[in-house]
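A.B. asks: Pasting a structure below so you can have a look.
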Amino acid sequence: MTAPIQIQEQPTGVTRRKFIKGVIAAGAAVSASSYLFRGPAQLFGQGSLPGAVERLMTLTVNGQQRRVDVMKQETLAMTLRYKLGLTGTKLGCDRSECGACTVLVDDVPHYSCSILTHTVRGKKVVSIEGLESPDGTLHPVQQAVVDEQGFQCAFCMPGFVMSTVGFLKTNPNPTREQLAHGISGNLCRCADYDKILTAMMRGADNMRRT
Amino acid sequence: MATIHDVMPAFELFQPTSIDDTLSLLERHRRSVWVLAGGLDTFDWLKDRNKRTSVVIDLSGVEALRGIRELPGGGLEIGATTTLTEIANHSVVKEKFKLLADSAALVASPQIRNQGTLGGNVAQDTRCWYYRSGWTCYRAGGNICYADTPTAINREHALFDANRCVAVNPSDTAPALVALDAQMVIRNSSGERVVPAEEFFIGPAIDITRMTIMEPGDLLTAIRIPATWAGATFYFEKVRDRQVWDFPLVNVASALKISGGNIQQARIVVNAVAAHPMRLHAVEAAVTGKPQTEETAAMAGDLAIVGNQPLAHNGYKIPLMRNLVKRALRAEATS
């Protein structure tokens, strides 16, 4: 067990968020990830069987090619969050029952907790972090959330926004009922559904204006 | 209530690109192997650690298993790893076999339909929560049923054909496929065989540990739908607790050929009331030749529930099933 990491106070200029991001980037989260992943070579004590997949892979995420060592049993949500530092995608249930982990795979909403990263190796993955433009301009649906003040605690927000963006690609001009059905695979524990729907309808409107 | 255990236990992963490679991998690793389609059934078992495997064969790279092809004669062949969304949205499925499109569109939630496959939906394991929680019941190889007791919570369990096990088949596409006289194409290292959908699903009397006729080494490659019921009068209804996600409490899938106001031919199948989709042979025989009236519908509903054996908490399924069959008999032509 490593010594507790000291988190510096605000006045010296390093926020907790920046620190944690730095820790992930530097790979110093090894102690945490080895608790989670029990080290790289563990496979009932054996190595890889001939013909099996290679762990090291290139994943196309948010327009970037990311090189990452992915265990065979790793789900996309785990890879995004714990190996690529993309913690916008949330784990709510880890059982495809809540939608908090929703990402786009080839523009189609998927529960990233229930798909192996190796399955999406050749596909285009977009998470919530990948919606804004390189210059920081928010995606029209994200802007709608800000404008409508959608969501309360917003833990479900990334999942809802990704579901909506994916759904709007198939139906850019839905009625409120059609949108509700289209994003019915997402739950909100704060029960903010009515306001979320209003925000997402505004997002659909913003999309049609661009 | 599932507990998050972080990462699943490790397994070896193969991603073959052909059916032949898949079959040889199944054969080579037959001591401990798991076939992965959409993953929505697989990962629940592996994450909860109530089943384990040394090897997983991911079918996502086998192109030959996906796609919908029209057959000479007007039928369809649907690859086993075709997603439910693809089936629900496919123009020919909607035009000729709307029953299947409607049933596929009601499965679970949008994201699950985007990943879940038809083959997976028909081959899925039962959702009895005692079995799923890892209790060693008959279905798990033990010698007891935890659901069939006076104090068990068995509100989702079987009304019919219980044989020590009272779990139900939770699929929505299964009754539609039985109603459409679908054929399941199964391959293994010895060759290929085609099994009618009604025989594909088995109950505990045949084998208490399996939901389907598939044995280790078998791979469901395609589902063929003959032209027989193309354009017939279809009815599908799924009753569940919420409007999304939940498995059916009871569902009904029916295909009627109606001419001159009379029912010429009928297929009526109900699921989630037994361990296999129940084709209501007696009801079909009773309504054939009868006029499509309220009287016939009421008679069908009453006949459908004959022989039910409710448990402590699933008695509500009796009027539910009766009324769903009545509604199916009232169905109007959609084309």
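Order determines the names: the first chain of the structure tokens is A, the second B, and so forth; residues in each chain are numbered 1 upward, and ligands are numbered 1 upward as they are shown.
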Select all residues from chain B having any atom no more than 6 Å from an atom of chain A (counting only C-alpha atoms, ignoring ligands), output as an MDAnalysis selection string.

C.D. replies: chainID B and resid 10 13:14 109:111

A.B. asks: I'd like the contact shell of Glu86 (chain B) - 8 Å cut-off, only C-alpha atoms, skipping same-chain residues fewer than 4 positions apart - returned as a PyMOL selection string.

C.D. replies: chain B and resi 82+90+114

A.B. asks: Could you list, as JSON, numbers by chain, every residue within 6 Å of Ala331 (chain B), counting only C-alpha atoms and ignoring same-chain residues fewer than 2 positions away?

C.D. replies: {"B": [235, 328, 329]}

A.B. asks: Per DSSP on the backbone, filter region 89-162 of chain A down to the residues in strand (DSSP E) and report them as a list in words.

C.D. replies: Thr102, Val103, Leu104, Val105, Val108, Pro109, His110, Tyr111, Lys124, Val125 and Val126 of chain A

A.B. asks: May I have the residues within 7 Å of Gly61 (chain B) as a PDB file with C-alpha atoms, in the first residue's frame, using only C-alpha atoms and disregarding those fewer than 4 positions away in the same chain?

C.D. replies:
ATOM      1  CA  GLN B  15     -12.083 -12.932 -32.648  1.00  0.00           C
ATOM      2  CA  PRO B  16     -12.495 -15.265 -35.630  1.00  0.00           C
ATOM      3  CA  THR B  17     -13.567 -13.921 -38.981  1.00  0.00           C
TER       4      THR B  17
END

A.B. asks: With only C-alpha atoms as the counted atoms, please give the residues lying no more than 9 Å from Val178 (chain B), apart from itself and same-chain residues fewer than 6 positions off, as a list in words.

C.D. replies: Pro196, Ala197, Glu198, Ala253, Arg267, Ile268, Val269, Pro277, Met278 and Arg279 of chain B

A.B. asks: Export all heavy atoms of the chosen residues as a PDB file, in the first residue's frame?

C.D. replies:
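Heads up, here's the output in result39.pdb:
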ATOM      1  N   PRO B 196     -37.084 -26.484 -36.627  1.00  0.00           N
ATOM      2  CA  PRO B 196     -38.209 -25.537 -36.542  1.00  0.00           C
ATOM      3  C   PRO B 196     -38.160 -24.787 -35.209  1.00  0.00           C
ATOM      4  O   PRO B 196     -37.799 -25.358 -34.178  1.00  0.00           O
ATOM      5  CB  PRO B 196     -39.452 -26.432 -36.601  1.00  0.00           C
ATOM      6  CG  PRO B 196     -38.985 -27.736 -37.116  1.00  0.00           C
ATOM      7  CD  PRO B 196     -37.545 -27.870 -36.739  1.00  0.00           C
ATOM      8  N   ALA B 197     -38.537 -23.520 -35.253  1.00  0.00           N
ATOM      9  CA  ALA B 197     -38.432 -22.669 -34.059  1.00  0.00           C
ATOM     10  C   ALA B 197     -39.144 -23.284 -32.864  1.00  0.00           C
ATOM     11  O   ALA B 197     -38.638 -23.240 -31.736  1.00  0.00           O
ATOM     12  CB  ALA B 197     -38.985 -21.270 -34.342  1.00  0.00           C
ATOM     13  N   GLU B 198     -40.293 -23.901 -33.116  1.00  0.00           N
ATOM     14  CA  GLU B 198     -41.052 -24.448 -31.992  1.00  0.00           C
ATOM     15  C   GLU B 198     -40.265 -25.540 -31.271  1.00  0.00           C
ATOM     16  O   GLU B 198     -40.383 -25.699 -30.053  1.00  0.00           O
ATOM     17  CB  GLU B 198     -42.388 -25.009 -32.490  1.00  0.00           C
ATOM     18  CG  GLU B 198     -43.420 -25.117 -31.401  1.00  0.00           C
ATOM     19  CD  GLU B 198     -44.726 -25.717 -31.886  1.00  0.00           C
ATOM     20  OE1 GLU B 198     -44.950 -25.758 -33.117  1.00  0.00           O
ATOM     21  OE2 GLU B 198     -45.510 -26.135 -31.030  1.00  0.00           O
ATOM     22  N   ALA B 253     -47.743 -13.186 -29.561  1.00  0.00           N
ATOM     23  CA  ALA B 253     -47.423 -12.971 -30.969  1.00  0.00           C
ATOM     24  C   ALA B 253     -48.377 -13.828 -31.772  1.00  0.00           C
ATOM     25  O   ALA B 253     -48.483 -15.029 -31.535  1.00  0.00           O
ATOM     26  CB  ALA B 253     -45.983 -13.371 -31.257  1.00  0.00           C
ATOM     27  N   ARG B 267     -51.810 -18.694 -36.024  1.00  0.00           N
ATOM     28  CA  ARG B 267     -50.692 -19.074 -35.172  1.00  0.00           C
ATOM     29  C   ARG B 267     -50.752 -18.134 -33.970  1.00  0.00           C
ATOM     30  O   ARG B 267     -50.722 -16.912 -34.143  1.00  0.00           O
ATOM     31  CB  ARG B 267     -49.346 -18.860 -35.869  1.00  0.00           C
ATOM     32  CG  ARG B 267     -49.035 -19.820 -36.965  1.00  0.00           C
ATOM     33  CD  ARG B 267     -48.512 -21.141 -36.436  1.00  0.00           C
ATOM     34  NE  ARG B 267     -48.111 -22.013 -37.539  1.00  0.00           N
ATOM     35  CZ  ARG B 267     -48.929 -22.790 -38.211  1.00  0.00           C
ATOM     36  NH1 ARG B 267     -50.222 -22.805 -37.913  1.00  0.00           N
ATOM     37  NH2 ARG B 267     -48.470 -23.545 -39.180  1.00  0.00           N
ATOM     38  N   ILE B 268     -50.863 -18.692 -32.778  1.00  0.00           N
ATOM     39  CA  ILE B 268     -50.921 -17.845 -31.588  1.00  0.00           C
ATOM     40  C   ILE B 268     -49.909 -18.371 -30.591  1.00  0.00           C
ATOM     41  O   ILE B 268     -49.962 -19.543 -30.204  1.00  0.00           O
ATOM     42  CB  ILE B 268     -52.321 -17.856 -30.960  1.00  0.00           C
ATOM     43  CG1 ILE B 268     -53.357 -17.449 -32.022  1.00  0.00           C
ATOM     44  CG2 ILE B 268     -52.398 -16.898 -29.786  1.00  0.00           C
ATOM     45  CD1 ILE B 268     -54.751 -17.930 -31.706  1.00  0.00           C
ATOM     46  N   VAL B 269     -48.953 -17.510 -30.207  1.00  0.00           N
ATOM     47  CA  VAL B 269     -47.868 -17.945 -29.331  1.00  0.00           C
ATOM     48  C   VAL B 269     -47.746 -16.960 -28.176  1.00  0.00           C
ATOM     49  O   VAL B 269     -47.739 -15.751 -28.382  1.00  0.00           O
ATOM     50  CB  VAL B 269     -46.529 -17.983 -30.103  1.00  0.00           C
ATOM     51  CG1 VAL B 269     -45.445 -18.624 -29.251  1.00  0.00           C
ATOM     52  CG2 VAL B 269     -46.692 -18.737 -31.421  1.00  0.00           C
ATOM     53  N   PRO B 277     -41.502 -20.687 -25.393  1.00  0.00           N
ATOM     54  CA  PRO B 277     -42.665 -19.989 -25.948  1.00  0.00           C
ATOM     55  C   PRO B 277     -43.764 -21.017 -26.197  1.00  0.00           C
ATOM     56  O   PRO B 277     -43.510 -22.096 -26.740  1.00  0.00           O
ATOM     57  CB  PRO B 277     -42.150 -19.407 -27.271  1.00  0.00           C
ATOM     58  CG  PRO B 277     -40.687 -19.541 -27.241  1.00  0.00           C
ATOM     59  CD  PRO B 277     -40.330 -20.596 -26.251  1.00  0.00           C
ATOM     60  N   MET B 278     -44.992 -20.689 -25.780  1.00  0.00           N
ATOM     61  CA  MET B 278     -46.076 -21.657 -25.882  1.00  0.00           C
ATOM     62  C   MET B 278     -46.933 -21.386 -27.101  1.00  0.00           C
ATOM     63  O   MET B 278     -47.628 -20.365 -27.161  1.00  0.00           O
ATOM     64  CB  MET B 278     -46.969 -21.569 -24.629  1.00  0.00           C
ATOM     65  CG  MET B 278     -46.517 -22.505 -23.550  1.00  0.00           C
ATOM     66  SD  MET B 278     -47.660 -22.706 -22.182  1.00  0.00           S
ATOM     67  CE  MET B 278     -49.225 -22.248 -22.807  1.00  0.00           C
ATOM     68  N   ARG B 279     -46.878 -22.321 -28.039  1.00  0.00           N
ATOM     69  CA  ARG B 279     -47.784 -22.187 -29.184  1.00  0.00           C
ATOM     70  C   ARG B 279     -49.113 -22.785 -28.738  1.00  0.00           C
ATOM     71  O   ARG B 279     -49.176 -23.916 -28.262  1.00  0.00           O
ATOM     72  CB  ARG B 279     -47.221 -22.931 -30.390  1.00  0.00           C
ATOM     73  CG  ARG B 279     -47.895 -22.488 -31.662  1.00  0.00           C
ATOM     74  CD  ARG B 279     -47.352 -23.132 -32.891  1.00  0.00           C
ATOM     75  NE  ARG B 279     -48.485 -23.596 -33.697  1.00  0.00           N
ATOM     76  CZ  ARG B 279     -48.387 -24.382 -34.748  1.00  0.00           C
ATOM     77  NH1 ARG B 279     -47.209 -24.841 -35.127  1.00  0.00           N
ATOM     78  NH2 ARG B 279     -49.458 -24.726 -35.409  1.00  0.00           N
TER      79      ARG B 279
END

A.B. asks: Tell me which protein, DNA and RNA residues are within 9 Å of Gln309 (chain B), counting only C-alpha atoms, leaving out same-chain ones fewer than 3 positions away, and put them as a list in words.

C.D. replies: Ala158, Leu159, Phe160, Asp161, Ala162 and Gly315 of chain B

A.B. asks: Store the residues picked out above, limited to C-alpha atoms, as a PDB file, in the first residue's frame.

C.D. replies:
ATOM      1  CA  ALA B 158     -44.289 -19.918 -14.990  1.00  0.00           C
ATOM      2  CA  LEU B 159     -47.972 -20.807 -15.259  1.00  0.00           C
ATOM      3  CA  PHE B 160     -47.499 -23.848 -17.472  1.00  0.00           C
ATOM      4  CA  ASP B 161     -45.242 -26.827 -18.089  1.00  0.00           C
ATOM      5  CA  ALA B 162     -43.333 -26.456 -14.851  1.00  0.00           C
ATOM      6  CA  GLY B 315     -51.863 -15.484 -10.566  1.00  0.00           C
TER       7      GLY B 315
END

A.B. asks: Quick one: residues within 6 Å of Ala144 (chain A), only C-alpha atoms counted, chain neighbours fewer than 3 positions away excluded, as a list in words?

C.D. replies: Val141, Asp147, Glu148, Ala199, Arg202 and Gly203 of chain A

A.B. asks: Could you check which of B:Glu199, B:Asp218, B:Asp172, B:Asp48 is closest to Arg113 (chain B), using only C-alpha atoms?

C.D. replies: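 Ranked by minimum distance to Arg113 (chain B), first place goes to B:Asp172.
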
A.B. asks: Separation of CA of Leu131 (chain A) and CA of Asn62 (chain A), in Å?

C.D. replies: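 Separation of CA of Leu131 (chain A) and CA of Asn62 (chain A): 7.8 Å.
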
A.B. asks: DSSP on the backbone, alpha helix (DSSP H) only: what residues of chain A does that give? Format it as a VMD selection string.

C.D. replies: chain A and resid 16 to 25 30 to 37 76 to 78 140 to 148 157 to 170 176 to 182 193 to 209

A.B. asks: What's the separation between CA of Pro204 (chain B) and CA of Leu320 (chain B), in Å to one decimal place?

C.D. replies: 23.8 Å

A.B. asks: Report, in Å to a single decimal, how far apart CA of Gln143 (chain A) and CA of Asn171 (chain A) are.

C.D. replies: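 These two atoms are separated by 19.4 Å.
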